[in-house]
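**Student:** Dropping in entry38.tsv, with TSV, C-alpha atoms.
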```
chain	number	residue	atom	x	y	z
A	1	MET	CA	255.55	106.34	211.63
A	2	GLN	CA	258.33	103.88	212.49
A	3	SER	CA	258.71	102.82	208.89
A	4	GLY	CA	258.99	106.41	207.66
A	5	HIS	CA	261.53	107.24	210.33
A	6	GLU	CA	263.65	104.18	209.57
A	7	LYS	CA	263.41	104.67	205.81
A	8	THR	CA	264.54	108.28	206.14
A	9	LEU	CA	267.53	107.47	208.31
A	10	THR	CA	268.65	104.44	206.33
A	11	GLY	CA	268.41	106.50	203.13
A	12	LEU	CA	269.80	109.78	204.39
A	13	LEU	CA	272.95	108.53	206.09
A	14	PRO	CA	274.35	106.69	203.04
A	15	ALA	CA	273.35	109.62	200.81
A	16	LEU	CA	275.26	112.03	203.05
A	17	ALA	CA	278.25	109.69	202.79
A	18	GLY	CA	278.09	109.92	198.99
A	19	ALA	CA	276.07	106.83	198.00
A	20	ASN	CA	273.97	107.29	194.90
A	21	LEU	CA	271.54	104.41	195.51
A	22	ILE	CA	268.85	104.11	198.15
A	23	TYR	CA	268.05	100.45	198.71
A	24	GLY	CA	264.83	98.87	199.88
A	25	LEU	CA	262.12	101.15	198.52
A	26	GLY	CA	258.74	99.56	199.15
A	27	MET	CA	260.19	96.84	201.34
A	28	LEU	CA	259.00	96.03	204.83
A	29	GLU	CA	260.01	93.32	207.31
A	30	SER	CA	263.64	93.29	206.11
A	31	GLY	CA	262.52	92.74	202.54
A	32	VAL	CA	260.05	89.93	203.23
A	33	THR	CA	257.11	92.12	202.22
A	34	LEU	CA	256.71	94.59	199.37
A	35	ASP	CA	254.00	97.22	199.79
A	36	PHE	CA	253.10	99.42	196.82
A	37	ALA	CA	251.90	102.25	199.08
A	38	GLN	CA	255.19	102.06	200.98
A	39	LEU	CA	256.99	102.22	197.63
A	40	VAL	CA	255.20	105.48	196.82
A	41	ILE	CA	256.04	106.88	200.27
A	42	ASP	CA	259.67	105.76	199.95
A	43	ALA	CA	259.96	107.39	196.53
A	44	GLU	CA	258.88	110.67	198.11
A	45	ILE	CA	261.32	110.21	200.99
A	46	ALA	CA	264.11	109.48	198.46
A	47	GLY	CA	263.23	112.67	196.58
A	48	MET	CA	263.41	114.68	199.78
A	49	ILE	CA	266.76	113.06	200.64
A	50	ARG	CA	268.12	113.96	197.20
A	51	HIS	CA	266.93	117.53	197.70
A	52	THR	CA	268.58	117.70	201.13
A	53	VAL	CA	271.89	116.22	199.97
A	54	ALA	CA	272.02	118.73	197.10
A	55	GLY	CA	272.60	121.36	199.78
A	56	VAL	CA	271.49	124.93	200.26
A	57	PRO	CA	273.12	127.63	198.17
A	58	VAL	CA	274.70	130.32	200.30
A	59	ASN	CA	275.37	133.55	198.44
A	60	ASP	CA	274.45	137.24	198.61
A	61	GLU	CA	271.04	136.61	197.06
A	62	THR	CA	270.03	133.69	199.27
A	63	LEU	CA	271.37	135.30	202.43
A	64	ALA	CA	269.19	138.36	201.68
A	65	VAL	CA	271.01	140.47	204.27
A	66	ASP	CA	269.68	143.72	202.78
A	67	ASP	CA	266.12	142.42	202.97
A	68	ILE	CA	266.63	141.31	206.58
A	69	HIS	CA	267.85	144.79	207.52
A	70	ALA	CA	265.03	146.49	205.61
A	71	VAL	CA	262.26	144.37	207.12
A	72	GLY	CA	263.66	144.25	210.64
A	73	PRO	CA	262.65	142.04	213.54
A	74	PHE	CA	259.12	140.58	213.43
A	75	GLY	CA	258.53	142.03	209.96
A	76	ASP	CA	256.81	140.44	206.98
A	77	PHE	CA	259.27	138.53	204.80
A	78	LEU	CA	256.57	136.60	202.95
A	79	SER	CA	255.63	139.50	200.70
A	80	LEU	CA	259.19	140.18	199.54
A	81	PRO	CA	260.06	139.37	195.92
A	82	ALA	CA	263.11	137.37	197.08
A	83	THR	CA	260.91	135.17	199.28
A	84	MET	CA	258.51	134.54	196.42
A	85	ALA	CA	261.40	133.79	194.07
A	86	HIS	CA	262.95	131.18	196.38
A	87	MET	CA	260.05	129.68	198.34
A	88	ARG	CA	259.55	126.76	195.93
A	89	GLU	CA	263.19	125.74	196.30
A	90	GLN	CA	262.39	123.78	199.43
A	91	SER	CA	261.28	120.20	198.91
A	92	GLN	CA	257.77	119.92	197.53
A	93	PRO	CA	256.37	116.57	198.66
A	94	ARG	CA	253.09	115.41	197.18
A	95	LEU	CA	252.09	112.96	199.93
A	96	MET	CA	253.20	114.82	203.02
A	97	ASP	CA	250.48	117.19	204.15
A	98	ARG	CA	251.80	120.42	205.58
A	99	ARG	CA	248.48	122.07	206.28
A	100	VAL	CA	247.53	123.05	209.83
A	101	ARG	CA	245.62	120.32	211.66
A	102	GLU	CA	242.23	122.02	211.41
A	103	GLU	CA	242.48	122.36	207.61
A	104	TRP	CA	243.75	118.79	207.31
A	105	GLN	CA	240.86	117.45	209.39
A	106	GLU	CA	238.29	119.51	207.46
A	107	ALA	CA	239.66	118.02	204.24
A	108	GLY	CA	239.08	114.46	205.53
A	109	GLY	CA	242.14	113.90	207.73
A	110	GLU	CA	243.70	111.27	205.48
A	111	ASP	CA	247.15	110.15	206.55
A	112	ALA	CA	250.08	109.70	204.17
A	113	TYR	CA	249.56	105.95	203.90
A	114	VAL	CA	245.98	106.35	202.69
A	115	ARG	CA	247.10	108.92	200.10
A	116	ALA	CA	250.03	106.68	199.08
A	117	ARG	CA	247.77	103.65	198.66
A	118	ARG	CA	245.45	105.67	196.42
A	119	GLU	CA	248.42	106.93	194.37
A	120	ALA	CA	249.84	103.42	194.05
A	121	GLN	CA	246.48	102.19	192.77
A	122	ARG	CA	246.32	105.06	190.27
A	123	ILE	CA	249.81	104.24	189.01
A	124	LEU	CA	249.01	100.53	188.69
A	125	GLU	CA	245.85	101.30	186.74
A	126	THR	CA	247.20	104.00	184.41
A	127	HIS	CA	250.98	103.71	183.98
A	128	GLU	CA	252.22	102.73	180.54
A	129	PRO	CA	255.97	102.15	180.53
A	130	GLU	CA	258.03	103.33	177.60
A	131	ALA	CA	259.28	100.54	175.38
A	132	LEU	CA	262.98	99.81	175.66
A	133	PRO	CA	265.04	100.59	172.57
A	134	GLU	CA	265.81	97.55	170.41
A	135	THR	CA	269.53	97.93	171.14
A	136	VAL	CA	268.87	97.60	174.87
A	137	LEU	CA	266.62	94.58	174.35
A	138	ALA	CA	269.28	92.96	172.17
A	139	GLU	CA	271.97	93.59	174.78
A	140	MET	CA	269.77	92.14	177.53
A	141	GLN	CA	269.07	89.06	175.41
A	142	ALA	CA	272.79	88.64	174.76
A	143	ILE	CA	273.45	88.69	178.51
A	144	VAL	CA	270.76	86.06	179.10
A	145	ASP	CA	272.05	83.92	176.23
A	146	GLU	CA	275.60	84.09	177.58
A	147	ALA	CA	274.50	83.20	181.12
A	148	GLU	CA	272.43	80.28	179.85
A	149	ALA	CA	275.34	79.04	177.75
A	150	GLU	CA	277.67	79.17	180.78
A	151	ALA	CA	275.09	77.33	182.89
A	152	GLY	CA	274.45	74.73	180.20
A	153	VAL	CA	270.79	75.75	179.91
A	154	ARG	CA	269.06	75.63	176.55
A	155	SER	CA	266.60	78.35	175.54
```
When written as structure tokens, how does the structure in this file appear?

**Tutor:**
Amino acid sequence: MQSGHEKTLTGLLPALAGANLIYGLGMLESGVTLDFAQLVIDAEIAGMIRHTVAGVPVNDETLAVDDIHAVGPFGDFLSLPATMAHMREQSQPRLMDRRVREEWQEAGGEDAYVRARREAQRILETHEPEALPETVLAEMQAIVDEAEAEAGVRS
């Protein structure tokens, strides 16, 4: 819990200030430890931060004032077409479990770390990165060659 709280705050505050990089994903103990499950959790937190920083559109459609008047207090907004059209606009985390406790417990009661560890293992076992274009590889090699030349290192 502490890690998630700290990761959210240390990512959200710079993002709200305009930063476009969230540092330290997967790191624990001030960067001494890297945890793949934490990396998966942090990637989800970063996605939620990006969603939050993008803001909430405020316009006639999203305000839905006519719908609010039509439904009235204590009415059913869930069945309205506007609700259905916009309900997926909120963040859609894959690791966070938003079910009620009873349903969560009946499904095994796994916490986010257990789910993240399983996802990290799946990624490690199945991910196949795309090859870098030859132009990028050549540019990277040129940078290495230049740095080695400046340092007097021979390849």

**Student:** Find, counting all atoms listed in the file, the residue in A:Ala64, A:Leu78, A:Ile49, A:Val144 that gets nearest to A:Gly18.

**Tutor:**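 Nearest candidate to A:Gly18 out of A:Ala64, A:Leu78, A:Ile49, A:Val144: A:Ile49.
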
**Student:** Build an axis-aligned box that encloses every atom of stretch 28-38 of chain A listed in the file, pad it by 5 Å on each side, and report its centre and edge lengths in Å to one decimal, as JSON.

**Tutor:**
```
{"center_x": 257.8, "center_y": 96.1, "center_z": 202.1, "size_x": 21.7, "size_y": 22.3, "size_z": 20.5}
```

**Student:** Rounded to one decimal in Å, what is the spacing between atom CA of A:Gly109 and atom CA of A:Asp97?

**Tutor:**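 Taking atom CA of A:Gly109 and atom CA of A:Asp97, their separation equals 9.7 Å.
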
**Student:** Measuring atom to atom with all atoms listed in the file, identify which of A:Met1, A:Ala131, A:Leu12, A:Ala17 is nearest to A:Tyr113.

**Tutor:**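 Among the listed residues, the smallest separation from A:Tyr113 belongs to A:Met1.
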
**Student:** Using only C-alpha atoms, tabulate the residues of stretch 34-96 of chain A lying at most 12 Å from any atom of stretch 124-127 of chain A, each with its closest atom pair and that distance in Å to one decimal, by chain and increasing residue number, as CSV.

**Tutor:**
```
residue,atom,partner,partner_atom,distance
A:Phe36,CA,A:Leu124,CA,9.2
A:Ala37,CA,A:Leu124,CA,10.9
A:Val40,CA,A:Leu124,CA,11.4
```

**Student:** Tell me which of A:Gln38, A:Ser91, A:Gln141, A:Thr83 sits closest to A:Ala116, counting only C-alpha atoms.

**Tutor:**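 Distance minimum relative to A:Ala116 lands on A:Gln38.
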
**Student:** Taking (254.2, 101.0, 200.7) in the file's coordinates, which residues come within 12 Å, counting all atoms listed in the file, written as a PDB file with C-alpha atoms, in the frame of the given file?

**Tutor:**
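Output contents, as saved in part.pdb:
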```pdb
ATOM      1  CA  SER A   3     258.710 102.820 208.890  1.00  0.00           C
ATOM      2  CA  GLY A   4     258.990 106.410 207.660  1.00  0.00           C
ATOM      3  CA  LYS A   7     263.410 104.670 205.810  1.00  0.00           C
ATOM      4  CA  GLY A  24     264.830  98.870 199.880  1.00  0.00           C
ATOM      5  CA  LEU A  25     262.120 101.150 198.520  1.00  0.00           C
ATOM      6  CA  GLY A  26     258.740  99.560 199.150  1.00  0.00           C
ATOM      7  CA  MET A  27     260.190  96.840 201.340  1.00  0.00           C
ATOM      8  CA  LEU A  28     259.000  96.030 204.830  1.00  0.00           C
ATOM      9  CA  GLU A  29     260.010  93.320 207.310  1.00  0.00           C
ATOM     10  CA  GLY A  31     262.520  92.740 202.540  1.00  0.00           C
ATOM     11  CA  THR A  33     257.110  92.120 202.220  1.00  0.00           C
ATOM     12  CA  LEU A  34     256.710  94.590 199.370  1.00  0.00           C
ATOM     13  CA  ASP A  35     254.000  97.220 199.790  1.00  0.00           C
ATOM     14  CA  PHE A  36     253.100  99.420 196.820  1.00  0.00           C
ATOM     15  CA  ALA A  37     251.900 102.250 199.080  1.00  0.00           C
ATOM     16  CA  GLN A  38     255.190 102.060 200.980  1.00  0.00           C
ATOM     17  CA  LEU A  39     256.990 102.220 197.630  1.00  0.00           C
ATOM     18  CA  VAL A  40     255.200 105.480 196.820  1.00  0.00           C
ATOM     19  CA  ILE A  41     256.040 106.880 200.270  1.00  0.00           C
ATOM     20  CA  ASP A  42     259.670 105.760 199.950  1.00  0.00           C
ATOM     21  CA  ALA A  43     259.960 107.390 196.530  1.00  0.00           C
ATOM     22  CA  GLU A  44     258.880 110.670 198.110  1.00  0.00           C
ATOM     23  CA  ILE A  45     261.320 110.210 200.990  1.00  0.00           C
ATOM     24  CA  ALA A 112     250.080 109.700 204.170  1.00  0.00           C
ATOM     25  CA  TYR A 113     249.560 105.950 203.900  1.00  0.00           C
ATOM     26  CA  VAL A 114     245.980 106.350 202.690  1.00  0.00           C
ATOM     27  CA  ARG A 115     247.100 108.920 200.100  1.00  0.00           C
ATOM     28  CA  ALA A 116     250.030 106.680 199.080  1.00  0.00           C
ATOM     29  CA  ARG A 117     247.770 103.650 198.660  1.00  0.00           C
ATOM     30  CA  ARG A 118     245.450 105.670 196.420  1.00  0.00           C
ATOM     31  CA  GLU A 119     248.420 106.930 194.370  1.00  0.00           C
ATOM     32  CA  ALA A 120     249.840 103.420 194.050  1.00  0.00           C
ATOM     33  CA  GLN A 121     246.480 102.190 192.770  1.00  0.00           C
TER      34      GLN A 121
END
```

**Student:** Rounded to one decimal, what separation in Å do you get between atom CA of A:Met48 and atom CA of A:Gln90?

**Tutor:**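 Atom-to-atom, atom CA of A:Met48 to atom CA of A:Gln90, that is 9.2 Å.
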
**Student:** Work out how far apart atom CA of A:Asp111 and atom CA of A:Gln2 are and give it in Å to one decimal.

**Tutor:**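 Taking atom CA of A:Asp111 and atom CA of A:Gln2, their separation equals 14.1 Å.
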
**Student:** Nearest to A:Arg88: which of A:Gly108, A:His51, A:Glu148, A:Asp66 is it, counting all atoms listed in the file?

**Tutor:**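 Answer, going by the shortest atom-to-atom distance: A:His51.
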
**Student:** With distances taken over only C-alpha atoms, which residue among A:Glu110, A:Asp60, A:Glu139, A:Glu134 lies nearest A:Ala82?

**Tutor:**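 Of the candidates, the smallest distance to A:Ala82 is held by A:Asp60.
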